[in-house]
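Notes to accompany the following structure.
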There are 4 protein chains.
Amino acid sequence: MRFFSDNAAAAHPKVLEAIQRSNRLDTAYDGDEWSLALDRAFSELFEREVKALWVSTGTAANCLALAALCPPYRGILCHKDAHIEVDEAGAPGFFTGGAKLMLLDGAGAKVVPETVESAIGLIRKDVHQVQPAALSITNATEYGLVYRMAELAALGEVARKHGLGFHMDGARFANAVVTTGESPADLTWRAGVDALSFGFVKNGGLNAECLVLFKTDLADEVTVRRKRAGHLSSKGRMLAAQILALLEDDLWLENARASNAAAQALAKAAPDRLVYPVEANEVFLRVSPGEAESLRAKGFDFYDWGPGEIRLVTSWDQGGEPVQILAEAIRAL
Amino acid sequence: MRFFSDNAAAAHPKVLEAIQRSNRLDTAYDGDEWSLALDRAFSELFEREVKALWVSTGTAANCLALAALCPPYRGILCHKDAHIEVDEAGAPGFFTGGAKLMLLDGAGAKVVPETVESAIGLIRKDVHQVQPAALSITNATEYGLVYRMAELAALGEVARKHGLGFHMDGARFANAVVTTGESPADLTWRAGVDALSFGFVKNGGLNAECLVLFKTDLADEVTVRRKRAGHLSSKGRMLAAQILALLEDDLWLENARASNAAAQALAKAAPDRLVYPVEANEVFLRVSPGEAESLRAKGFDFYDWGPGEIRLVTSWDQGGEPVQILAEAIRAL
Amino acid sequence: MRFFSDNAAAAHPKVLEAIQRSNRLDTAYDGDEWSLALDRAFSELFEREVKALWVSTGTAANCLALAALCPPYRGILCHKDAHIEVDEAGAPGFFTGGAKLMLLDGAGAKVVPETVESAIGLIRKDVHQVQPAALSITNATEYGLVYRMAELAALGEVARKHGLGFHMDGARFANAVVTTGESPADLTWRAGVDALSFGFVKNGGLNAECLVLFKTDLADEVTVRRKRAGHLSSKGRMLAAQILALLEDDLWLENARASNAAAQALAKAAPDRLVYPVEANEVFLRVSPGEAESLRAKGFDFYDWGPGEIRLVTSWDQGGEPVQILAEAIRAL
Amino acid sequence: MRFFSDNAAAAHPKVLEAIQRSNRLDTAYDGDEWSLALDRAFSELFEREVKALWVSTGTAANCLALAALCPPYRGILCHKDAHIEVDEAGAPGFFTGGAKLMLLDGAGAKVVPETVESAIGLIRKDVHQVQPAALSITNATEYGLVYRMAELAALGEVARKHGLGFHMDGARFANAVVTTGESPADLTWRAGVDALSFGFVKNGGLNAECLVLFKTDLADEVTVRRKRAGHLSSKGRMLAAQILALLEDDLWLENARASNAAAQALAKAAPDRLVYPVEANEVFLRVSPGEAESLRAKGFDFYDWGPGEIRLVTSWDQGGEPVQILAEAIRAL
């Protein structure tokens, strides 16, 4: 029973069915009917006109957005534990042509306006120091916390004030929508977000993520950059079809509800051990090495996360028995 | 009936089945059993130890290889009609960090040793001119010609003599193997090839290509570069599974035989119109604009390729009726 | 007696005196009085507001301009014999982050509107092919020809029509101004030029060139890129002082007149041997290997330039005896 | 009386004389007699074979070295206050093609082996996290402290153990040599340093720095990168001549002794106010805003350096009166 990451879970059966249905010759790249349907589908979801481009990984979505928002000679403010900083092998440096990640502190990998202001305040406004051009946050964060509408609006205000592009890594955006009960629009462009990496792979998709551009005039550039980065799949219809399948009948929300619920079940099993409040589908627990060992001995798989802490991540398909068994095992520690 | 590109064809049913079978939680990225099986599978196919990495597009395969073979400050010799030059949106410049493509002439997009030598001879050996570090060819070429073992060995000798890395874009490698009847080993590393972009997407795959490294000490660097370019899919097992399905029972050869045969059927319908000999699955025909129009009016879809020429590309699944109908239509022109 | 390049000539005594005079502590980088005087000096010269930044080499001037005019994912149209293509070690690829040089033909390294239009016409307007963003020409050209006002205006019109930035490599701009008798303004921004690499090193300077921006809103970006490329000298006043010394009392024109006159003296010695009309300070002659040998035996130093051709370049300080002696020697061949 | 930076001081008269003497036509770029003499001059100074290349700025020297020591997809360990991190506008990202600076803590901008080990220990050895390829330190540091031979050897040992290239930013290397009394060899390659940015501009030079390569097989690559970055001045002899003039009769040491002595004079004026020990030519003092104001009112120019601290930097030509006057003024606070 594996709880090490949602990104390794199975794809949802409806996703595979959609791939199967799209498996006939159509126009190559992104000229097919499925790909062409994305803009409209996401425009409806977000209650305004957006541009939506499939890519195959979250790293690609994040870094294509960042390259469009930040020239090579400027910087991107982000949390020091952000995925783009610690888990993408320097991809932002590659895609942007050497822009600098400017690291912020914050509990639970959350960024607050004050730390952004403070970081900017420390930068001399001269040619010797790198000036920031963008702000990137993750919702839900790498520690499973969510930003609510008002928090995002405050960050968006800081970004606007300093002329920063505003990117959201939404690898677990679905979980944040479910937890907050706030609308996709309120959690993004209404708060000033320019580009969203809308994650599907961790939420039932196979290998399709969606880069949603609220600043729609970035679309031409991003489309070229996607090709140039080797991310323009010739049978792109099979990526688009995955995404459409997950949007249909709000399957993406259903899946996120399931993984969130599974995380809550684990959280309830050990409220005193929680390192962070559980607001999405990640559970960080304080357990001794011996306890971790005993859980592993029972067949559970997960990451250690610093000394005396473990990370459990739940997936859309773990709603039932595996989680109950793990919850019991945690209670029994 | 579409003949504009093999890259838009359907995936083979066995490929989708393989994806289905691999659709269960396993280790993320490339640590799963399918991904781990690639090295061995390709080592057997190539009769020596190789490293094999899945990627999702041919552009990614080509450019990851080129970045490993050529530093930013040097150049890559290739045909002026090579895919990397004319159809990848400058991706080699992006992946290599600004290395230069150094263009060669040659009938049918084929490179011969003399043109390589001649191009190198024109470069002053000083710090002001970019010196080449790699040679890249395409087999089968962009015009559907194939290199045979002896031709490749001669190119490999030139590459060796000048210290050039040797890359082969094998988007249609399968077609070349079928046509020549020569072994994968003879067509690659025995001729001095260091890295092969082994194409599957045009030959029954969905979105998996394989970068095969004969210079195996490049594997670590390429693995990092793949991640850094956003090409390390978290459910990589579904890419590996596609490739393994196409290798199994030589399905890749069976598919290539079908598309080659379809091209031959078209070629035989109009031997006097052929612009190039048909050696793979591409047929370039001299047809007047009016003739092209009449073919389109009958429901055939294809690209114009310069004035008075059209390109027809056949796919693995067009072995039967569509090709017969098109062949008849061409005969009737 | 050396005629291999004007870029190796001595600096003018007044340039060294200016360095000497500026040799006292002042504000570092470009905040000193000399650097601050550049904008005004060049604005007067060009009869409009410009931004003027010193750099230490022509390659830096060219490539900083190109990086500001062309994003990484687009291309720069230039002559196939342009300095940026053949003699800058791939610097445009480095500074732009991988943009592509798109090569044009043309006698004497001159670009005409028709070849630009023709090249653009051959590019498919899709995401697979690199689209041009800039046009770069050299005046005087690498073969010593000059563009006149009307020719430049026609090129500027093409650039405007296709939305291309327009850069002029003016390593020998002074020679072109002297030859044409047209104003610096007419030869640049009035013809649509956005940025000029204004050469001084080949014309009496020591190591200061000037990047003149007519599109003044590029200045902030270029200033940062200059620092980022390691070109913001801390004692920049000594670069600015050189440039100001050459502008003073039109010393730059006086120097160019001298080198142009020297070239004319050589041209007159062998009108039948000229490969190109002599319009600046470069003389290309048809001479047999034996003749070239005999000139070298007499102590003249120059480059062979293809089979049966040599290049002679005159400098600001070669107006007198050396040129007379060489002219005699040529006549005597 | 300006104490804001040694990089804005005058050039030494002998440096200008050397430029004057080299001001005659010679081979362009770096083929002249002065440039060719550098390797031997530095090989003697360092008691072993080295390669020595002039460049015009410290940023260029640092970043050319780093680009040769670290591929785009890896990282460079350095102090968080290192010049390459805080004062070079992201130049390392540009020159390396996006490599990552990995920041270390340490009092007085000094790096110790334990922090290097600790930083490396925190990096997962997988493809998702950037792995370090180089270590860069500054001697004397940005806060005017020096590394002694034994400290450097310990760092070199760590670098060797982890396979890291070892770069030293020696913008004030001369000051460190004077202070420690240790040999240039002991302070560099004998401790494992691969490349040294040997500073001259802050120590009497005009605009010439020297990149000294102990790992001599990097020279070819660095030479190409220098050209490609627009740093191959055509009259390079005038850069080489500056450096040779400063090496002659140990003028570089004489100058550094003078600036060090000036700093000591200031330090003695306020031993209780020192933020760091004064080991080179920088003096950081605790002074209240009012006190700073009063010093400025007396005509002294310097930078504030955080709240309640100022930075005074002495130059080679400030040995006499200005320093005495400032020392008195500090005493009188």
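Order determines the names: the first chain of the structure tokens is A, the second B, and so forth; residues in each chain are numbered 1 upward, and ligands are numbered 1 upward as they are shown.
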| Using only C-alpha atoms, which chain C residues lie at most 9 Å away from chain D, written as a ChimeraX atom specification? | /C:2,4-5,7-13,16,19-20,22-29,56-61,63,88-95,97,201-202,206-207,224-225,227-236,238
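Proximity to region 101-116 of chain A at 6 Å, evaluated using only C-alpha atoms and with sequence-adjacent residues fewer than 2 positions away removed, yields A:Gly75, A:Ile76, A:Leu77, A:Cys78, A:His79, A:Lys80, A:Asp81, A:Ser118, A:Ala119, A:Thr141, A:Tyr143, A:Leu155.
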| task | Within 7 Å of region 277-284 of chain A, counting only C-alpha atoms, which residues show up once you throw out same-chain ones fewer than 6 positions away? Write them as a ChimeraX atom specification, please. | result | /A:140,143-146,175-176,179,259-260,263-264,267,309-314
Applying 6 Å and only C-alpha atoms, which residues near region 318-331 of chain B remain after dropping the ones on its own chain fewer than 3 positions away? List them as a PDB file with N, CA, C and O atoms, in the first residue's frame.
```
ATOM      1  N   ALA B 258       4.305  -2.552 -43.099  1.00  0.00           N
ATOM      2  CA  ALA B 258       2.998  -2.151 -43.641  1.00  0.00           C
ATOM      3  C   ALA B 258       3.051  -0.759 -44.241  1.00  0.00           C
ATOM      4  O   ALA B 258       2.543  -0.520 -45.343  1.00  0.00           O
ATOM      5  N   ALA B 262       2.688   0.217 -48.225  1.00  0.00           N
ATOM      6  CA  ALA B 262       1.681   1.171 -48.701  1.00  0.00           C
ATOM      7  C   ALA B 262       2.339   2.218 -49.586  1.00  0.00           C
ATOM      8  O   ALA B 262       1.796   2.608 -50.627  1.00  0.00           O
ATOM      9  N   LEU B 266       1.769   3.126 -53.703  1.00  0.00           N
ATOM     10  CA  LEU B 266       1.556   4.448 -54.300  1.00  0.00           C
ATOM     11  C   LEU B 266       2.628   4.736 -55.352  1.00  0.00           C
ATOM     12  O   LEU B 266       2.340   5.292 -56.416  1.00  0.00           O
ATOM     13  N   ALA B 269       2.042   3.301 -58.631  1.00  0.00           N
ATOM     14  CA  ALA B 269       0.944   3.913 -59.376  1.00  0.00           C
ATOM     15  C   ALA B 269       1.420   5.064 -60.242  1.00  0.00           C
ATOM     16  O   ALA B 269       0.697   5.499 -61.148  1.00  0.00           O
ATOM     17  N   SER B 315       0.956   5.303 -43.272  1.00  0.00           N
ATOM     18  CA  SER B 315       1.060   4.900 -41.871  1.00  0.00           C
ATOM     19  C   SER B 315       0.913   3.394 -41.725  1.00  0.00           C
ATOM     20  O   SER B 315       0.506   2.704 -42.660  1.00  0.00           O
TER      21      SER B 315
END
```
| field | Backbone DSSP call of strand (DSSP E) for region 62-304 of chain A, listed as a VMD selection string | value | chain A and resid 75 to 79 100 to 104 132 to 138 165 to 170 195 to 198 209 to 213 282 to 286 303 to 304
| field | helix (DSSP H, G or I) positions in region 73-314 of chain D, given as a ChimeraX atom specification | value | /D:83-86,91-96,107-109,113-121,149-161,173-180,189-191,201-203,216-228,237-269,271-273,289-297
| request: Kindly indicate which residue among B:Ala261, B:Val127, B:Ala297, B:Leu53 lies nearest to Asp220 (chain D), using only C-alpha atoms for the distances. | output: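 Of B:Ala261, B:Val127, B:Ala297, B:Leu53, the one nearest Asp220 (chain D), counting only C-alpha atoms, is B:Val127.
Atom pair CA of Asp250 (chain D) / CA of Ala154 (chain D): separated by 28.6 Å.
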| Two-atom distance - CA of Leu213 (chain B), CA of Asp126 (chain D) (Å) |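 Atom-to-atom, CA of Leu213 (chain B) and CA of Asp126 (chain D) are spaced 20.3 Å apart.
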